[in-house]
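The block underneath contains the structure these notes are about, expressed in structure tokens.
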Amino acid sequence: MKLTEKINKLRKDKNAIILAHYYQIPEIQDIADFVGDSLALAQKAKDSKADIIVFAGVHFMAETAKALNPNSKVLLPDLKAGCSLAESAPLDKFLEFKKDYPDHKVISYINCTADLKTVTDVVCTSSNALQIVESFPKNEKIIFGPDKNLGSYINKISDRNMVLWNGTCEVHDILEAEKVIELKVKNPDAPLVAHPECAAPVLELADYVGSTSGILNYVKNSASKKIIVATESGILHQMQKQSPEKQLIIVPSDETCSCNDCPYMKMITMEKIYNCLANESNEINLSQETIDKSLTPINRMLEISKKHKII
Ligand code: 13P
Ligand code: SF4
């Protein structure tokens with residue numbers, strides 16, 4: 001039997017589903033029960049009736065799924081699939097930092113550990129960060145972490161002055177404005193779309209800044225036949241499927257490579273999905289206290305997203 005057939009048989013026998021982020025390799029996106037961005041995956045995990053959720057994504061996403069659906073077994077095919085943003089903000093360091101801001105509320109980007117979420121007032125993703133920030137009065141004192149690029153972008157568009165934790169996504173942060181300018185000069189009619197995890201000089205050049213699903217929608221609905229894309233290369237699979245007639249030009253991270261692969265997302269393979277499903281290994285476990293305390297800010301985010309009809 002081929003690996004895909006074996007995975008299909010196992011997921012049926014075990015009442016399992018595979019949730020995959022858009023940054024997974026095409027083969028995994030194609031076998032997944034659902035492919036989405038961070039917010040959509042959290043919403044899907046919450047509503048799942050499966051006994052097992054195999055999370056084809058990174059550690060913080062699987063932790064969020066476990067908190068939202070504690071009765072399901074959540075499996076992460078490679079437990080080392082982390083995230084530079086989540087790793088930049090361990091709880092003890094954050095609590096030390098927070099001591100200087102005793103009156104501040106905490107908004108945490110979902111790309112952080114479940115531990116950090118336990119000391120967070122509201123979680124956000126790149127799809128809803130603006131609405132989450134704007135749910136607080138203009139004069140509220142806020143710490144935003146761990147992504148300083150997303151935080152400074154939201155500060156700019158919401159005219160706020162949130163205190164920022166100094167973390168970055170190692171994939172988006174290295175995309176350079178000089179490379180974008182070169183591509184814009186060569187392709188003057190092509191709009192630039194960028195994920196808000198990119199640094200400010202890139203975002204300032206963008207015609208559209210948005211989350212992974214926001215970028216996909218923009219490209220689908222754009223009248224342009226050529227688009228310059230500043231984000232992780234995994235997104236190209238769905239983009240090309242949705243808009244086969246469009247030419248997609250990815251912003252390279254260096255001269256020798258035209259692909260911007262997240263090394264953590266790409267740790268997940270078809271073999272690892274099969275193995276963890278077969279052995280029910282690599283389970284994500286959280287203490288009841290962590291589930292309870294991290295769920296409050298996650299659920300606040302889901303309520304605000306629902307109010308604004310953000311999916
Ligand atoms: P979104 O899926 O929310 O756009 O986030 C991108 C990302 O970097 C996920 O780790
Ligand atoms: Fe983390 Fe960046 Fe990878 Fe997303 S793309 S998982 S933010 S390192």
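Please note that chains go A, B, ... in the order of the structure tokens, that every chain numbers its residues from 1, and that ligands are numbered from 1 in the order shown.
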
Discussion item. When you look at A:Lys73 with a cut-off of 8 Å (counting only C-alpha atoms), what residues show up, excluding the ones that are within fewer than 2 positions of it in the same chain? I need them as a PyMOL selection string.
Written reply: chain A and resi 51-53+66+70-71+75+283-284

Those residues with N, CA and C atoms, as a short mmCIF file (atom, residue, chain, number, x, y, z; two decimals), in the first residue's frame please?
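Result file is part_16.cif:
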data_model
loop_
_atom_site.label_atom_id
_atom_site.label_comp_id
_atom_site.auth_asym_id
_atom_site.auth_seq_id
_atom_site.Cartn_x
_atom_site.Cartn_y
_atom_site.Cartn_z
N ASP A 51 -11.47 11.69 17.34
CA ASP A 51 -10.79 11.20 18.55
C ASP A 51 -9.32 11.62 18.55
N ILE A 52 -8.77 11.71 17.33
CA ILE A 52 -7.35 12.08 17.21
C ILE A 52 -7.22 13.24 16.22
N ILE A 53 -6.45 14.25 16.62
CA ILE A 53 -6.12 15.34 15.68
C ILE A 53 -4.62 15.24 15.41
N LYS A 66 -4.92 21.46 21.50
CA LYS A 66 -5.16 20.63 22.70
C LYS A 66 -5.98 21.41 23.73
N PRO A 70 -9.60 19.44 24.62
CA PRO A 70 -8.79 18.62 25.53
C PRO A 70 -9.15 17.14 25.52
N ASN A 71 -10.36 16.79 25.04
CA ASN A 71 -10.74 15.37 25.03
C ASN A 71 -10.18 14.61 23.84
N LEU A 75 -1.72 14.98 18.20
CA LEU A 75 -0.40 14.45 17.88
C LEU A 75 0.33 15.42 16.96
N GLU A 283 2.31 12.72 21.43
CA GLU A 283 1.09 13.38 21.92
C GLU A 283 1.44 14.68 22.65
N ILE A 284 0.59 15.68 22.47
CA ILE A 284 0.75 16.95 23.19
C ILE A 284 -0.07 16.86 24.48
#

Determine, using only C-alpha atoms and all ligand atoms, which residues of chain A have any atom at most 10 Å from an atom of ligand 1, and tabulate each with its shortest atom pair and distance in Å to one decimal place, rows ordered by chain and then rising number, as a tab-separated table.
residue	atom	partner	partner_atom_place_in_ligand_line	distance
A:His21	CA	ligand 1	2 (O)	6.8
A:Tyr22	CA	ligand 1	2 (O)	7.1
A:Tyr23	CA	ligand 1	9 (C)	7.6
A:Gly36	CA	ligand 1	2 (O)	7.0
A:Asp37	CA	ligand 1	2 (O)	3.5
A:Ser38	CA	ligand 1	2 (O)	4.0
A:Leu39	CA	ligand 1	3 (O)	6.0
A:Ala40	CA	ligand 1	2 (O)	8.3
A:Leu41	CA	ligand 1	2 (O)	8.5
A:Gly57	CA	ligand 1	10 (O)	8.1
A:Val58	CA	ligand 1	10 (O)	7.4
A:His59	CA	ligand 1	10 (O)	9.8
A:Phe60	CA	ligand 1	10 (O)	8.8
A:Met61	CA	ligand 1	10 (O)	8.2
A:Gly82	CA	ligand 1	10 (O)	9.4
A:Cys83	CA	ligand 1	10 (O)	7.1
A:Ser84	CA	ligand 1	10 (O)	9.3
A:Leu85	CA	ligand 1	10 (O)	8.6
A:Ala86	CA	ligand 1	10 (O)	9.6
A:Tyr109	CA	ligand 1	3 (O)	9.1
A:Ile110	CA	ligand 1	3 (O)	8.0
A:Asn111	CA	ligand 1	10 (O)	6.4
A:Cys112	CA	ligand 1	10 (O)	9.8
A:Cys124	CA	ligand 1	3 (O)	8.9
A:Thr125	CA	ligand 1	3 (O)	5.2
A:Ser126	CA	ligand 1	3 (O)	4.9
A:Ser127	CA	ligand 1	3 (O)	6.2
A:Asn128	CA	ligand 1	3 (O)	8.9
A:Ala129	CA	ligand 1	3 (O)	9.8
A:Cys169	CA	ligand 1	8 (O)	7.0
A:Glu170	CA	ligand 1	8 (O)	9.5
A:Val171	CA	ligand 1	8 (O)	8.2
A:His172	CA	ligand 1	8 (O)	7.9
A:His195	CA	ligand 1	4 (O)	7.0
A:Pro196	CA	ligand 1	4 (O)	8.4
A:Glu197	CA	ligand 1	8 (O)	7.1
A:Cys198	CA	ligand 1	8 (O)	9.9
A:Gly210	CA	ligand 1	4 (O)	7.4
A:Ser211	CA	ligand 1	4 (O)	3.8
A:Thr212	CA	ligand 1	4 (O)	3.8
A:Ser213	CA	ligand 1	4 (O)	6.5
A:Gly214	CA	ligand 1	4 (O)	7.9
A:Ile215	CA	ligand 1	4 (O)	8.5
A:Thr231	CA	ligand 1	8 (O)	8.4
A:Glu232	CA	ligand 1	8 (O)	7.7
A:Ile235	CA	ligand 1	2 (O)	9.7
A:Cys262	CA	ligand 1	8 (O)	8.3
A:Tyr264	CA	ligand 1	10 (O)	9.2
A:Met265	CA	ligand 1	10 (O)	8.1

Print the selection's residues with C-alpha atoms to a file, as a PDB file, in the first residue's frame.
ATOM      1  CA  HIS A  21      -1.101  24.862   7.906  1.00  0.00           C
ATOM      2  CA  TYR A  22      -0.579  26.496   4.488  1.00  0.00           C
ATOM      3  CA  TYR A  23       3.202  26.288   5.040  1.00  0.00           C
ATOM      4  CA  GLY A  36      -5.865  26.871   6.992  1.00  0.00           C
ATOM      5  CA  ASP A  37      -4.059  29.738   8.663  1.00  0.00           C
ATOM      6  CA  SER A  38      -3.504  29.926  12.417  1.00  0.00           C
ATOM      7  CA  LEU A  39      -6.966  31.316  13.198  1.00  0.00           C
ATOM      8  CA  ALA A  40      -8.912  28.935  10.959  1.00  0.00           C
ATOM      9  CA  LEU A  41      -6.976  25.962  12.342  1.00  0.00           C
ATOM     10  CA  GLY A  57       2.059  22.425  11.756  1.00  0.00           C
ATOM     11  CA  VAL A  58       4.216  23.594  14.651  1.00  0.00           C
ATOM     12  CA  HIS A  59       4.229  23.076  18.413  1.00  0.00           C
ATOM     13  CA  PHE A  60       2.295  26.189  19.516  1.00  0.00           C
ATOM     14  CA  MET A  61      -0.496  25.324  17.052  1.00  0.00           C
ATOM     15  CA  GLY A  82       8.965  24.825  17.052  1.00  0.00           C
ATOM     16  CA  CYS A  83       8.857  28.506  16.064  1.00  0.00           C
ATOM     17  CA  SER A  84      11.426  31.283  16.532  1.00  0.00           C
ATOM     18  CA  LEU A  85       8.707  33.597  17.875  1.00  0.00           C
ATOM     19  CA  ALA A  86       7.475  31.139  20.514  1.00  0.00           C
ATOM     20  CA  TYR A 109       0.309  36.700  19.101  1.00  0.00           C
ATOM     21  CA  ILE A 110      -0.839  33.065  18.915  1.00  0.00           C
ATOM     22  CA  ASN A 111       2.761  32.141  17.959  1.00  0.00           C
ATOM     23  CA  CYS A 112       3.770  31.709  21.610  1.00  0.00           C
ATOM     24  CA  CYS A 124      -4.511  37.312  18.466  1.00  0.00           C
ATOM     25  CA  THR A 125      -3.458  36.051  15.050  1.00  0.00           C
ATOM     26  CA  SER A 126      -2.401  38.087  12.041  1.00  0.00           C
ATOM     27  CA  SER A 127      -6.019  37.849  10.757  1.00  0.00           C
ATOM     28  CA  ASN A 128      -7.540  39.605  13.748  1.00  0.00           C
ATOM     29  CA  ALA A 129      -4.690  41.528  15.461  1.00  0.00           C
ATOM     30  CA  CYS A 169       9.830  35.180  12.750  1.00  0.00           C
ATOM     31  CA  GLU A 170      13.167  34.035  11.378  1.00  0.00           C
ATOM     32  CA  VAL A 171      11.610  33.341   7.975  1.00  0.00           C
ATOM     33  CA  HIS A 172       9.786  36.628   7.342  1.00  0.00           C
ATOM     34  CA  HIS A 195       2.704  38.998   5.675  1.00  0.00           C
ATOM     35  CA  PRO A 196       2.865  41.354   8.693  1.00  0.00           C
ATOM     36  CA  GLU A 197       5.660  39.236  10.217  1.00  0.00           C
ATOM     37  CA  CYS A 198       7.935  40.928   7.618  1.00  0.00           C
ATOM     38  CA  GLY A 210      -2.371  40.456   5.586  1.00  0.00           C
ATOM     39  CA  SER A 211      -2.443  37.029   7.122  1.00  0.00           C
ATOM     40  CA  THR A 212      -1.904  33.892   5.089  1.00  0.00           C
ATOM     41  CA  SER A 213      -5.601  33.564   4.238  1.00  0.00           C
ATOM     42  CA  GLY A 214      -5.868  37.328   3.667  1.00  0.00           C
ATOM     43  CA  ILE A 215      -3.036  37.127   1.124  1.00  0.00           C
ATOM     44  CA  THR A 231       5.979  35.324   2.797  1.00  0.00           C
ATOM     45  CA  GLU A 232       6.719  31.619   3.317  1.00  0.00           C
ATOM     46  CA  ILE A 235       1.499  29.418   0.388  1.00  0.00           C
ATOM     47  CA  CYS A 262      10.107  27.649   7.460  1.00  0.00           C
ATOM     48  CA  TYR A 264      10.085  24.049  11.553  1.00  0.00           C
ATOM     49  CA  MET A 265       7.021  23.672   9.329  1.00  0.00           C
TER      50      MET A 265
END

Practice prompt. As a PyMOL selection string, please: all residues of stretch 56-276 of chain A that backbone DSSP puts in strand (DSSP E).
Written response: chain A and resi 56+73-75+105-109+122-124+142-145+163-164+192-194+208-209+226-230+247-250

Worksheet item: Could you work out how far atom CA of A:Asp78 lies from atom CA of A:Ser281, giving the answer in Å with one decimal?
Response: 9.7 Å

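Residues surrounding A:Ala199 within 12 Å are Asp147, Lys148, Asn149, Leu150, Gly151, Ser152, Tyr153, Gly167, Thr168, Cys169, Glu170, Val171, His172, Asp173, Ile174, Leu175, Glu176, Ala177, Val180, Ala194, Glu204, Leu205, Ala206, Val209, Ala230 and Thr231 of chain A [only C-alpha atoms; sequence separation below 5 positions excluded].
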